[in-house]
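Colleague: Got a structure for you, start24.pdb, holding PDB, C-alpha atoms, pLDDT in the B column.
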ATOM      1  CA  MET A  12       0.000   0.000   0.000  1.00 78.00           C
ATOM      2  CA  ASP A  13       1.087   3.584  -0.651  1.00 89.00           C
ATOM      3  CA  ALA A  14       2.783   5.155   2.396  1.00 91.00           C
ATOM      4  CA  ASP A  15       1.110   8.534   1.637  1.00 92.00           C
ATOM      5  CA  ARG A  16      -2.286   6.919   2.198  1.00 96.00           C
ATOM      6  CA  ARG A  17      -1.357   5.364   5.566  1.00 98.00           C
ATOM      7  CA  ILE A  18      -3.614   6.812   8.258  1.00 98.00           C
ATOM      8  CA  ALA A  19      -2.547   5.038  11.450  1.00 98.00           C
ATOM      9  CA  ALA A  20      -1.572   1.744  13.000  1.00 97.00           C
ATOM     10  CA  VAL A  21      -4.503  -0.600  13.576  1.00 97.00           C
ATOM     11  CA  ASP A  22      -3.872  -0.536  17.329  1.00 96.00           C
ATOM     12  CA  GLU A  23      -4.241   3.279  17.320  1.00 97.00           C
ATOM     13  CA  VAL A  24      -7.888   2.926  16.270  1.00 97.00           C
ATOM     14  CA  PRO A  25      -9.948   2.563  19.459  1.00 95.00           C
ATOM     15  CA  GLU A  26     -12.629  -0.053  20.019  1.00 90.00           C
ATOM     16  CA  ASP A  27     -14.595   2.078  22.498  1.00 93.00           C
ATOM     17  CA  SER A  28     -14.251   5.455  20.781  1.00 96.00           C
ATOM     18  CA  THR A  29     -13.132   6.920  17.461  1.00 97.00           C
ATOM     19  CA  LEU A  30      -9.967   8.245  15.862  1.00 98.00           C
ATOM     20  CA  LEU A  31     -10.486  11.571  14.093  1.00 98.00           C
ATOM     21  CA  VAL A  32      -8.667  12.281  10.823  1.00 98.00           C
ATOM     22  CA  THR A  33      -8.645  15.079   8.274  1.00 97.00           C
ATOM     23  CA  LEU A  34      -9.027  14.381   4.566  1.00 97.00           C
ATOM     24  CA  ARG A  35      -8.872  16.550   1.458  1.00 97.00           C
ATOM     25  CA  PRO A  36     -11.577  15.882  -1.140  1.00 96.00           C
ATOM     26  CA  VAL A  37     -10.132  15.326  -4.616  1.00 96.00           C
ATOM     27  CA  ASP A  38     -13.182  17.195  -5.988  1.00 94.00           C
ATOM     28  CA  PRO A  39     -13.703  20.283  -3.788  1.00 91.00           C
ATOM     29  CA  GLU A  40     -17.289  20.587  -5.076  1.00 90.00           C
ATOM     30  CA  SER A  41     -18.134  17.183  -3.561  1.00 90.00           C
ATOM     31  CA  VAL A  42     -18.333  18.551  -0.016  1.00 89.00           C
ATOM     32  CA  ASP A  43     -20.995  20.832   1.410  1.00 88.00           C
ATOM     33  CA  ASP A  44     -19.776  23.521   3.799  1.00 83.00           C
ATOM     34  CA  GLY A  45     -23.050  23.044   5.719  1.00 83.00           C
ATOM     35  CA  GLU A  46     -21.723  19.733   6.997  1.00 87.00           C
ATOM     36  CA  GLY A  47     -20.187  20.131  10.439  1.00 85.00           C
ATOM     37  CA  ASP A  48     -17.014  18.250   9.555  1.00 89.00           C
ATOM     38  CA  VAL A  49     -15.890  20.604   6.763  1.00 92.00           C
ATOM     39  CA  GLY A  50     -13.094  23.102   7.260  1.00 92.00           C
ATOM     40  CA  GLU A  51     -10.653  24.955   5.053  1.00 92.00           C
ATOM     41  CA  ALA A  52      -6.882  24.661   4.662  1.00 92.00           C
ATOM     42  CA  ALA A  53      -4.670  27.762   4.645  1.00 92.00           C
ATOM     43  CA  ASP A  54      -4.679  27.723   0.821  1.00 93.00           C
ATOM     44  CA  GLY A  55      -8.507  27.763   0.751  1.00 91.00           C
ATOM     45  CA  THR A  56      -9.045  24.135  -0.243  1.00 92.00           C
ATOM     46  CA  PRO A  57     -11.752  22.332   1.711  1.00 95.00           C
ATOM     47  CA  GLU A  58     -10.953  19.737   4.354  1.00 96.00           C
ATOM     48  CA  ALA A  59     -13.334  17.071   5.627  1.00 96.00           C
ATOM     49  CA  GLU A  60     -13.184  14.863   8.683  1.00 97.00           C
ATOM     50  CA  ALA A  61     -13.598  11.122   9.059  1.00 98.00           C
ATOM     51  CA  ILE A  62     -13.889   8.934  12.139  1.00 98.00           C
ATOM     52  CA  LEU A  63     -12.327   5.498  12.373  1.00 98.00           C
ATOM     53  CA  THR A  64     -13.500   2.821  14.785  1.00 96.00           C
ATOM     54  CA  ARG A  65     -12.871  -0.849  15.500  1.00 94.00           C
ATOM     55  CA  ALA A  66     -16.121  -1.266  17.421  1.00 83.00           C
ATOM     56  CA  ALA A  67     -17.479  -3.786  14.925  1.00 76.00           C
ATOM     57  CA  GLY A  68     -14.337  -5.938  14.999  1.00 84.00           C
ATOM     58  CA  GLU A  69     -13.025  -4.409  11.773  1.00 94.00           C
ATOM     59  CA  VAL A  70     -11.725  -0.927  11.080  1.00 97.00           C
ATOM     60  CA  ARG A  71     -14.486   1.202   9.549  1.00 97.00           C
ATOM     61  CA  ALA A  72     -14.525   4.882   8.602  1.00 98.00           C
ATOM     62  CA  PHE A  73     -17.315   7.413   8.185  1.00 98.00           C
ATOM     63  CA  ARG A  74     -17.556  11.135   7.554  1.00 97.00           C
ATOM     64  CA  ASN A  75     -17.782  12.953  10.876  1.00 97.00           C
ATOM     65  CA  TYR A  76     -21.278  14.412  10.760  1.00 95.00           C
ATOM     66  CA  CYS A  77     -24.677  13.284  11.954  1.00 95.00           C
ATOM     67  CA  GLN A  78     -27.389  12.429   9.451  1.00 94.00           C
ATOM     68  CA  HIS A  79     -30.027  14.294  11.473  1.00 92.00           C
ATOM     69  CA  TRP A  80     -28.318  17.663  11.801  1.00 90.00           C
ATOM     70  CA  THR A  81     -25.440  17.709   9.332  1.00 91.00           C
ATOM     71  CA  ASP A  82     -23.823  20.648  11.136  1.00 90.00           C
ATOM     72  CA  VAL A  83     -23.230  18.376  14.167  1.00 93.00           C
ATOM     73  CA  ARG A  84     -19.956  16.480  14.439  1.00 95.00           C
ATOM     74  CA  LEU A  85     -19.948  13.027  16.067  1.00 96.00           C
ATOM     75  CA  ASP A  86     -16.311  13.396  17.246  1.00 96.00           C
ATOM     76  CA  LYS A  87     -15.335  16.870  18.411  1.00 93.00           C
ATOM     77  CA  ASP A  88     -11.635  15.886  18.634  1.00 93.00           C
ATOM     78  CA  ASP A  89     -12.003  13.931  21.859  1.00 94.00           C
ATOM     79  CA  GLY A  90     -13.451  10.702  20.459  1.00 95.00           C
ATOM     80  CA  ALA A  91     -17.088   9.912  19.794  1.00 96.00           C
ATOM     81  CA  PHE A  92     -18.953   7.834  22.369  1.00 94.00           C
ATOM     82  CA  VAL A  93     -19.042   4.175  21.273  1.00 95.00           C
ATOM     83  CA  ARG A  94     -20.723   1.321  23.143  1.00 94.00           C
ATOM     84  CA  ASP A  95     -21.828  -2.182  22.149  1.00 94.00           C
ATOM     85  CA  GLY A  96     -20.845  -1.660  18.512  1.00 94.00           C
ATOM     86  CA  GLU A  97     -22.747   1.612  18.149  1.00 96.00           C
ATOM     87  CA  VAL A  98     -21.511   5.160  17.592  1.00 97.00           C
ATOM     88  CA  PHE A  99     -23.618   7.744  19.430  1.00 96.00           C
ATOM     89  CA  CYS A 100     -24.518  11.260  18.402  1.00 95.00           C
ATOM     90  CA  GLN A 101     -24.384  13.037  21.736  1.00 90.00           C
ATOM     91  CA  LYS A 102     -26.420  15.977  20.428  1.00 91.00           C
ATOM     92  CA  HIS A 103     -29.697  14.069  20.190  1.00 87.00           C
ATOM     93  CA  GLY A 104     -29.060  10.434  21.144  1.00 92.00           C
ATOM     94  CA  ALA A 105     -29.090   8.786  17.732  1.00 96.00           C
ATOM     95  CA  THR A 106     -27.108   5.549  17.452  1.00 97.00           C
ATOM     96  CA  PHE A 107     -25.307   4.305  14.349  1.00 97.00           C
ATOM     97  CA  GLU A 108     -24.142   0.720  13.832  1.00 97.00           C
ATOM     98  CA  ALA A 109     -20.339   0.792  13.660  1.00 96.00           C
ATOM     99  CA  ASP A 110     -20.185  -1.966  11.050  1.00 94.00           C
ATOM    100  CA  GLY A 111     -22.127  -0.067   8.384  1.00 96.00           C
ATOM    101  CA  GLY A 112     -23.243   3.327   9.716  1.00 97.00           C
ATOM    102  CA  TYR A 113     -26.972   2.500   9.787  1.00 98.00           C
ATOM    103  CA  CYS A 114     -28.947   4.630  12.269  1.00 97.00           C
ATOM    104  CA  ASN A 115     -30.999   2.191  14.335  1.00 97.00           C
ATOM    105  CA  PHE A 116     -32.363   4.700  16.861  1.00 97.00           C
ATOM    106  CA  GLY A 117     -33.132   8.401  16.965  1.00 95.00           C
ATOM    107  CA  PRO A 118     -34.617  11.121  14.789  1.00 94.00           C
ATOM    108  CA  CYS A 119     -32.620  10.010  11.730  1.00 95.00           C
ATOM    109  CA  GLU A 120     -33.508   6.315  12.100  1.00 96.00           C
ATOM    110  CA  GLY A 121     -32.999   4.533   8.787  1.00 97.00           C
ATOM    111  CA  ALA A 122     -30.341   6.967   7.538  1.00 97.00           C
ATOM    112  CA  VAL A 123     -26.760   5.810   6.978  1.00 98.00           C
ATOM    113  CA  LEU A 124     -23.501   7.590   7.783  1.00 97.00           C
ATOM    114  CA  GLU A 125     -21.440   8.493   4.731  1.00 96.00           C
ATOM    115  CA  GLY A 126     -18.741   5.846   4.491  1.00 97.00           C
ATOM    116  CA  VAL A 127     -15.079   6.388   3.678  1.00 98.00           C
ATOM    117  CA  GLU A 128     -13.226   3.366   2.304  1.00 98.00           C
ATOM    118  CA  VAL A 129     -10.235   2.202   4.322  1.00 98.00           C
ATOM    119  CA  ALA A 130      -8.139  -0.958   4.114  1.00 97.00           C
ATOM    120  CA  VAL A 131      -6.006  -2.803   6.637  1.00 97.00           C
ATOM    121  CA  ASP A 132      -2.664  -4.041   5.388  1.00 96.00           C
ATOM    122  CA  GLY A 133      -0.455  -5.667   7.989  1.00 96.00           C
ATOM    123  CA  ASP A 134      -0.577  -3.454  11.065  1.00 96.00           C
ATOM    124  CA  GLY A 135      -1.597  -0.283   9.179  1.00 97.00           C
ATOM    125  CA  VAL A 136      -4.859   1.382   8.186  1.00 98.00           C
ATOM    126  CA  TYR A 137      -4.808   2.988   4.740  1.00 98.00           C
ATOM    127  CA  LEU A 138      -7.159   5.343   2.936  1.00 98.00           C
ATOM    128  CA  ALA A 139      -8.635   3.307   0.073  1.00 98.00           C
ATOM    129  CA  ASP A 140     -11.207   5.893  -1.018  1.00 98.00           C
ATOM    130  CA  ASP A 141     -10.054   7.611  -4.229  1.00 97.00           C
ATOM    131  CA  ALA A 142     -12.347  10.565  -3.498  1.00 97.00           C
ATOM    132  CA  TYR A 143     -10.004  11.756  -0.705  1.00 97.00           C
ATOM    133  CA  GLU A 144      -6.367  12.353   0.158  1.00 97.00           C
ATOM    134  CA  PHE A 145      -5.133  11.833   3.722  1.00 97.00           C
ATOM    135  CA  VAL A 146      -4.004  15.084   5.379  1.00 97.00           C
ATOM    136  CA  ARG A 147      -3.411  14.409   9.086  1.00 97.00           C
ATOM    137  CA  LEU A 148      -4.694  12.927  12.311  1.00 97.00           C
ATOM    138  CA  GLY A 149      -7.032  15.271  14.171  1.00 96.00           C
ATOM    139  CA  HIS A 150      -9.623  17.843  13.217  1.00 94.00           C
ATOM    140  CA  ALA A 151     -10.054  19.944  10.092  1.00 93.00           C
ATOM    141  CA  THR A 152      -9.105  23.606  10.255  1.00 88.00           C
ATOM    142  CA  ARG A 153     -12.178  25.761  10.849  1.00 76.00           C
ATOM    143  CA  ASP A 154     -13.246  29.082  12.295  1.00 68.00           C
ATOM    144  CA  GLY A 155     -15.338  29.111  15.448  1.00 57.00           C
ATOM    145  CA  ASP A 156     -16.854  26.007  16.997  1.00 49.00           C
ATOM    146  CA  SER A 157     -18.573  24.495  13.974  1.00 47.00           C
ATOM    147  CA  GLY A 158     -20.666  21.500  14.860  1.00 46.00           C
ATOM    148  CA  ASP A 159     -21.342  22.617  18.407  1.00 50.00           C
ATOM    149  CA  SER A 160     -24.242  24.954  17.777  1.00 50.00           C
ATOM    150  CA  ARG A 161     -27.060  23.096  19.511  1.00 48.00           C
ATOM    151  CA  ILE A 162     -27.885  21.821  22.963  1.00 52.00           C
ATOM    152  CA  ASP A 163     -26.781  18.214  23.245  1.00 51.00           C
ATOM    153  CA  PHE A 164     -28.640  15.109  24.399  1.00 53.00           C
ATOM    154  CA  THR A 165     -27.184  15.480  27.894  1.00 50.00           C
ATOM    155  CA  GLY A 166     -28.508  19.060  28.189  1.00 50.00           C
ATOM    156  CA  ASN A 167     -25.165  20.795  27.629  1.00 46.00           C
TER     157      ASN A 167
END
As structure tokens, please, write out the structure in this file.
Modeller:
Amino acid sequence: MDADRRIAAVDEVPEDSTLLVTLRPVDPESVDDGEGDVGEAADGTPEAEAILTRAAGEVRAFRNYCQHWTDVRLDKDDGAFVRDGEVFCQKHGATFEADGGYCNFGPCEGAVLEGVEVAVDGDGVYLADDAYEFVRLGHATRDGDSGDSRIDFTGN
């Protein structure tokens, strides 16, 4: 696999949380700046976030925004809440199956998280989705606190 597309070691991807990464869309028009995971690099090109998890026994990746309110990020750079193979949106309590992104509870029930293709080769996780380039671990560059604009499920 191409070293430029290596995201992390498999053991860096948590089973009870998520690993946040920043990607650059190959086609800048393919991302919507209304999605909470979109930022902008210093040169003005858009950046998007993805979350990686091993909660389903395999490494899976999804874009880092909820299907109910797309301006809400699932991982705000401290790991999304994951339990029993489900990723939680802490803004409104929706749960998404970590093996495929299907929302099985909450206001967006039946929706599916936008997947990002990754592959495991040896002990590494690689970006396999030709629609993106890997930029870095961590959050996309953005102004303000995008994705944190509403009261969350816990009342905060």
Colleague: Take CA of Ala20 in chain A and CA of Glu69 in chain A and report the distance between them in Å, one decimal.
Modeller: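 Calculated distance between CA of Ala20 in chain A and CA of Glu69 in chain A is 13.1 Å.
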Colleague: Write out as JSON, numbers by chain each polymer residue whose atoms come within 6 Å of Cys100 in chain A, counting only C-alpha atoms; drop sequence neighbours fewer than 3 positions from it.
Modeller: {"A": [85, 104, 105]}
Colleague: Find the residues near Leu138 in chain A: any atom within 10 Å, counting all atoms listed in the file, skip ones fewer than 6 places away on the same chain, and give them as a PyMOL selection string.
Modeller: chain A and resi 12-19+34+72+127-131+144-145
Colleague: Nearest residue to Lys102 in chain A out of A:Ala122, A:Asn115, A:Asp54, A:Gln78, using all atoms listed in the file?
Modeller: A:Gln78
Colleague: Taking (-8.7, -2.6, 18.0) in the file's coordinates as the center, which residues reach within 10 Å of it, counting all atoms listed in the file, put as a list in words?
Modeller: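 Checking each residue against the 10 Å limit leaves Ala20, Val21, Asp22, Glu23, Val24, Pro25, Glu26, Asp27, Thr64, Arg65, Ala66, Ala67, Gly68, Glu69 and Val70 of chain A.
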Colleague: What gap, in Å, lies between CA of Asn75 in chain A and CA of Arg153 in chain A?
Modeller: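 Rounded to one decimal, the two atoms are 14.0 Å apart.
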Colleague: Translate the PyMOL selection byres ((chain A and resi 110) around 7), as applied to the file shown, into an explicit residue set as an mmCIF file with C-alpha atoms, in the coordinates of the input.
Modeller:
data_model
loop_
_atom_site.group_PDB
_atom_site.id
_atom_site.type_symbol
_atom_site.label_atom_id
_atom_site.label_comp_id
_atom_site.auth_asym_id
_atom_site.auth_seq_id
_atom_site.Cartn_x
_atom_site.Cartn_y
_atom_site.Cartn_z
ATOM 1 C CA ALA A 67 -17.479 -3.786 14.925
ATOM 2 C CA ARG A 71 -14.486 1.202 9.549
ATOM 3 C CA GLU A 108 -24.142 0.720 13.832
ATOM 4 C CA ALA A 109 -20.339 0.792 13.660
ATOM 5 C CA GLY A 111 -22.127 -0.067 8.384
ATOM 6 C CA GLY A 112 -23.243 3.327 9.716
#
Colleague: Just the residues within 12 Å of Val42 in chain A, please, counting only C-alpha atoms, with nothing from its chain fewer than 2 positions along; format it as a PyMOL selection string.
Modeller: chain A and resi 34-40+44-51+56-60+74+76+81+125+142-143
Colleague: Between CA of Val146 in chain A and CA of Ala52 in chain A, measure the distance and give it in Å to one decimal.
Modeller: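 Straight-line distance from CA of Val146 in chain A to CA of Ala52 in chain A works out to 10.0 Å.
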Colleague: Restricting the calculation to only C-alpha atoms: of A:Phe92, A:Phe99, A:Tyr137, A:Trp80, which residue gets closest to Cys119 in chain A?
Modeller: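 Selected residue with least distance to Cys119 in chain A: A:Trp80.
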Colleague: Need the axis-aligned box for range 22-38 of chain A with 8 Å each side, so what are the centre and edges in Å to one decimal, as JSON?
Modeller:
{"center_x": -9.2, "center_y": 8.3, "center_z": 8.3, "size_x": 26.7, "size_y": 33.7, "size_z": 44.5}
Colleague: Name the closest residue to Gly121 in chain A among the candidates A:His79, A:Glu97, A:Asp134, A:Ala139; distances are taken between atoms, counting all atoms listed in the file.
Modeller: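 Between A:His79, A:Glu97, A:Asp134, A:Ala139, the residue approaching Gly121 in chain A most closely is A:His79.
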Colleague: Which residues come within 7 Å of His150 in chain A, counting only C-alpha atoms, excluding same-chain residues fewer than 6 positions away, as a list in words?
Modeller: Leu31, Val32, Thr33, Glu60 and Asp88 of chain A
Colleague: Would you put the residues from that selection into a file with C-alpha atoms, as a tab-separated table (two decimals), in the frame of the given file?
Modeller:
chain	number	residue	atom	x	y	z
A	31	LEU	CA	-10.49	11.57	14.09
A	32	VAL	CA	-8.67	12.28	10.82
A	33	THR	CA	-8.64	15.08	8.27
A	60	GLU	CA	-13.18	14.86	8.68
A	88	ASP	CA	-11.64	15.89	18.63
Colleague: Between A:Val136, A:Val83, A:Cys77, A:Ala53, single out the one closest to Tyr113 in chain A, counting only C-alpha atoms.
Modeller: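 Distance minimum relative to Tyr113 in chain A lands on A:Cys77.
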Colleague: So which one's closest to His103 in chain A, A:Asp89, A:Phe116, A:Thr152, A:Ala61? Using all atoms listed in the file, please.
Modeller: A:Phe116
Colleague: From the structure just shown, export range 67-80 of chain A with all heavy atoms as a PDB file, in the first residue's frame.
Modeller:
ATOM      1  N   ALA A  67     -16.798  -2.657  15.555  1.00  0.00           N
ATOM      2  CA  ALA A  67     -17.479  -3.786  14.925  1.00  0.00           C
ATOM      3  C   ALA A  67     -16.515  -4.941  14.646  1.00  0.00           C
ATOM      4  O   ALA A  67     -16.871  -5.877  13.947  1.00  0.00           O
ATOM      5  CB  ALA A  67     -18.135  -3.329  13.626  1.00  0.00           C
ATOM      6  N   GLY A  68     -15.319  -4.884  15.201  1.00  0.00           N
ATOM      7  CA  GLY A  68     -14.337  -5.938  14.999  1.00  0.00           C
ATOM      8  C   GLY A  68     -13.439  -5.703  13.803  1.00  0.00           C
ATOM      9  O   GLY A  68     -12.417  -6.348  13.649  1.00  0.00           O
ATOM     10  N   GLU A  69     -13.819  -4.806  12.927  1.00  0.00           N
ATOM     11  CA  GLU A  69     -13.025  -4.409  11.773  1.00  0.00           C
ATOM     12  C   GLU A  69     -12.911  -2.898  11.787  1.00  0.00           C
ATOM     13  O   GLU A  69     -13.751  -2.215  12.343  1.00  0.00           O
ATOM     14  CB  GLU A  69     -13.701  -4.838  10.467  1.00  0.00           C
ATOM     15  CG  GLU A  69     -13.804  -6.332  10.268  1.00  0.00           C
ATOM     16  CD  GLU A  69     -14.447  -6.673   8.925  1.00  0.00           C
ATOM     17  OE1 GLU A  69     -14.346  -5.871   7.984  1.00  0.00           O
ATOM     18  OE2 GLU A  69     -15.047  -7.744   8.848  1.00  0.00           O
ATOM     19  N   VAL A  70     -11.866  -2.383  11.166  1.00  0.00           N
ATOM     20  CA  VAL A  70     -11.725  -0.927  11.080  1.00  0.00           C
ATOM     21  C   VAL A  70     -12.703  -0.415  10.033  1.00  0.00           C
ATOM     22  O   VAL A  70     -12.737  -0.898   8.903  1.00  0.00           O
ATOM     23  CB  VAL A  70     -10.281  -0.529  10.723  1.00  0.00           C
ATOM     24  CG1 VAL A  70     -10.181   0.979  10.560  1.00  0.00           C
ATOM     25  CG2 VAL A  70      -9.306  -1.024  11.783  1.00  0.00           C
ATOM     26  N   ARG A  71     -13.516   0.549  10.436  1.00  0.00           N
ATOM     27  CA  ARG A  71     -14.486   1.202   9.549  1.00  0.00           C
ATOM     28  C   ARG A  71     -14.288   2.703   9.657  1.00  0.00           C
ATOM     29  O   ARG A  71     -13.833   3.208  10.682  1.00  0.00           O
ATOM     30  CB  ARG A  71     -15.925   0.870   9.953  1.00  0.00           C
ATOM     31  CG  ARG A  71     -16.260  -0.591   9.974  1.00  0.00           C
ATOM     32  CD  ARG A  71     -16.274  -1.173   8.578  1.00  0.00           C
ATOM     33  NE  ARG A  71     -16.542  -2.602   8.628  1.00  0.00           N
ATOM     34  CZ  ARG A  71     -17.413  -3.205   7.881  1.00  0.00           C
ATOM     35  NH1 ARG A  71     -18.121  -2.548   7.007  1.00  0.00           N
ATOM     36  NH2 ARG A  71     -17.569  -4.512   7.974  1.00  0.00           N
ATOM     37  N   ALA A  72     -14.655   3.424   8.601  1.00  0.00           N
ATOM     38  CA  ALA A  72     -14.525   4.882   8.602  1.00  0.00           C
ATOM     39  C   ALA A  72     -15.784   5.516   8.023  1.00  0.00           C
ATOM     40  O   ALA A  72     -16.384   4.997   7.084  1.00  0.00           O
ATOM     41  CB  ALA A  72     -13.303   5.311   7.803  1.00  0.00           C
ATOM     42  N   PHE A  73     -16.141   6.654   8.607  1.00  0.00           N
ATOM     43  CA  PHE A  73     -17.315   7.413   8.185  1.00  0.00           C
ATOM     44  C   PHE A  73     -16.994   8.892   8.251  1.00  0.00           C
ATOM     45  O   PHE A  73     -16.188   9.324   9.083  1.00  0.00           O
ATOM     46  CB  PHE A  73     -18.513   7.135   9.105  1.00  0.00           C
ATOM     47  CG  PHE A  73     -18.851   5.683   9.231  1.00  0.00           C
ATOM     48  CD1 PHE A  73     -18.407   4.941  10.310  1.00  0.00           C
ATOM     49  CD2 PHE A  73     -19.604   5.047   8.251  1.00  0.00           C
ATOM     50  CE1 PHE A  73     -18.704   3.591  10.432  1.00  0.00           C
ATOM     51  CE2 PHE A  73     -19.904   3.699   8.360  1.00  0.00           C
ATOM     52  CZ  PHE A  73     -19.451   2.969   9.451  1.00  0.00           C
ATOM     53  N   ARG A  74     -17.664   9.687   7.420  1.00  0.00           N
ATOM     54  CA  ARG A  74     -17.556  11.135   7.554  1.00  0.00           C
ATOM     55  C   ARG A  74     -18.092  11.515   8.927  1.00  0.00           C
ATOM     56  O   ARG A  74     -18.999  10.877   9.471  1.00  0.00           O
ATOM     57  CB  ARG A  74     -18.350  11.836   6.456  1.00  0.00           C
ATOM     58  CG  ARG A  74     -17.700  11.781   5.073  1.00  0.00           C
ATOM     59  CD  ARG A  74     -16.594  12.798   4.846  1.00  0.00           C
ATOM     60  NE  ARG A  74     -17.048  14.151   5.081  1.00  0.00           N
ATOM     61  CZ  ARG A  74     -17.691  14.907   4.171  1.00  0.00           C
ATOM     62  NH1 ARG A  74     -17.897  14.451   2.963  1.00  0.00           N
ATOM     63  NH2 ARG A  74     -18.096  16.119   4.483  1.00  0.00           N
ATOM     64  N   ASN A  75     -17.540  12.564   9.489  1.00  0.00           N
ATOM     65  CA  ASN A  75     -17.782  12.953  10.876  1.00  0.00           C
ATOM     66  C   ASN A  75     -18.935  13.943  11.018  1.00  0.00           C
ATOM     67  O   ASN A  75     -18.773  15.032  11.553  1.00  0.00           O
ATOM     68  CB  ASN A  75     -16.493  13.544  11.462  1.00  0.00           C
ATOM     69  CG  ASN A  75     -16.602  13.828  12.936  1.00  0.00           C
ATOM     70  OD1 ASN A  75     -17.336  13.169  13.648  1.00  0.00           O
ATOM     71  ND2 ASN A  75     -15.863  14.823  13.394  1.00  0.00           N
ATOM     72  N   TYR A  76     -20.100  13.578  10.519  1.00  0.00           N
ATOM     73  CA  TYR A  76     -21.278  14.412  10.760  1.00  0.00           C
ATOM     74  C   TYR A  76     -22.506  13.530  10.900  1.00  0.00           C
ATOM     75  O   TYR A  76     -22.586  12.453  10.333  1.00  0.00           O
ATOM     76  CB  TYR A  76     -21.471  15.470   9.669  1.00  0.00           C
ATOM     77  CG  TYR A  76     -21.782  14.950   8.291  1.00  0.00           C
ATOM     78  CD1 TYR A  76     -23.097  14.729   7.889  1.00  0.00           C
ATOM     79  CD2 TYR A  76     -20.766  14.697   7.377  1.00  0.00           C
ATOM     80  CE1 TYR A  76     -23.391  14.257   6.626  1.00  0.00           C
ATOM     81  CE2 TYR A  76     -21.056  14.230   6.110  1.00  0.00           C
ATOM     82  CZ  TYR A  76     -22.364  14.018   5.741  1.00  0.00           C
ATOM     83  OH  TYR A  76     -22.654  13.548   4.483  1.00  0.00           O
ATOM     84  N   CYS A  77     -23.447  14.016  11.695  1.00  0.00           N
ATOM     85  CA  CYS A  77     -24.677  13.284  11.954  1.00  0.00           C
ATOM     86  C   CYS A  77     -25.633  13.419  10.768  1.00  0.00           C
ATOM     87  O   CYS A  77     -25.663  14.452  10.103  1.00  0.00           O
ATOM     88  CB  CYS A  77     -25.342  13.816  13.223  1.00  0.00           C
ATOM     89  SG  CYS A  77     -26.858  12.930  13.648  1.00  0.00           S
ATOM     90  N   GLN A  78     -26.419  12.408  10.542  1.00  0.00           N
ATOM     91  CA  GLN A  78     -27.389  12.429   9.451  1.00  0.00           C
ATOM     92  C   GLN A  78     -28.651  13.215   9.800  1.00  0.00           C
ATOM     93  O   GLN A  78     -29.423  13.543   8.900  1.00  0.00           O
ATOM     94  CB  GLN A  78     -27.759  10.997   9.060  1.00  0.00           C
ATOM     95  CG  GLN A  78     -26.590  10.217   8.521  1.00  0.00           C
ATOM     96  CD  GLN A  78     -26.029  10.848   7.273  1.00  0.00           C
ATOM     97  OE1 GLN A  78     -26.720  10.964   6.262  1.00  0.00           O
ATOM     98  NE2 GLN A  78     -24.781  11.266   7.323  1.00  0.00           N
ATOM     99  N   HIS A  79     -28.856  13.534  11.062  1.00  0.00           N
ATOM    100  CA  HIS A  79     -30.027  14.294  11.473  1.00  0.00           C
ATOM    101  C   HIS A  79     -29.778  15.784  11.305  1.00  0.00           C
ATOM    102  O   HIS A  79     -30.517  16.470  10.604  1.00  0.00           O
ATOM    103  CB  HIS A  79     -30.382  13.958  12.922  1.00  0.00           C
ATOM    104  CG  HIS A  79     -31.542  14.726  13.456  1.00  0.00           C
ATOM    105  ND1 HIS A  79     -31.546  15.261  14.714  1.00  0.00           N
ATOM    106  CD2 HIS A  79     -32.747  15.043  12.915  1.00  0.00           C
ATOM    107  CE1 HIS A  79     -32.694  15.879  14.924  1.00  0.00           C
ATOM    108  NE2 HIS A  79     -33.443  15.760  13.855  1.00  0.00           N
ATOM    109  N   TRP A  80     -28.750  16.272  11.942  1.00  0.00           N
ATOM    110  CA  TRP A  80     -28.318  17.663  11.801  1.00  0.00           C
ATOM    111  C   TRP A  80     -26.911  17.612  11.243  1.00  0.00           C
ATOM    112  O   TRP A  80     -25.958  17.325  11.973  1.00  0.00           O
ATOM    113  CB  TRP A  80     -28.313  18.387  13.136  1.00  0.00           C
ATOM    114  CG  TRP A  80     -29.664  18.661  13.709  1.00  0.00           C
ATOM    115  CD1 TRP A  80     -30.829  18.871  13.042  1.00  0.00           C
ATOM    116  CD2 TRP A  80     -29.979  18.770  15.097  1.00  0.00           C
ATOM    117  NE1 TRP A  80     -31.851  19.096  13.922  1.00  0.00           N
ATOM    118  CE2 TRP A  80     -31.352  19.048  15.198  1.00  0.00           C
ATOM    119  CE3 TRP A  80     -29.228  18.673  16.267  1.00  0.00           C
ATOM    120  CZ2 TRP A  80     -31.989  19.227  16.416  1.00  0.00           C
ATOM    121  CZ3 TRP A  80     -29.867  18.849  17.476  1.00  0.00           C
ATOM    122  CH2 TRP A  80     -31.240  19.128  17.540  1.00  0.00           C
TER     123      TRP A  80
END
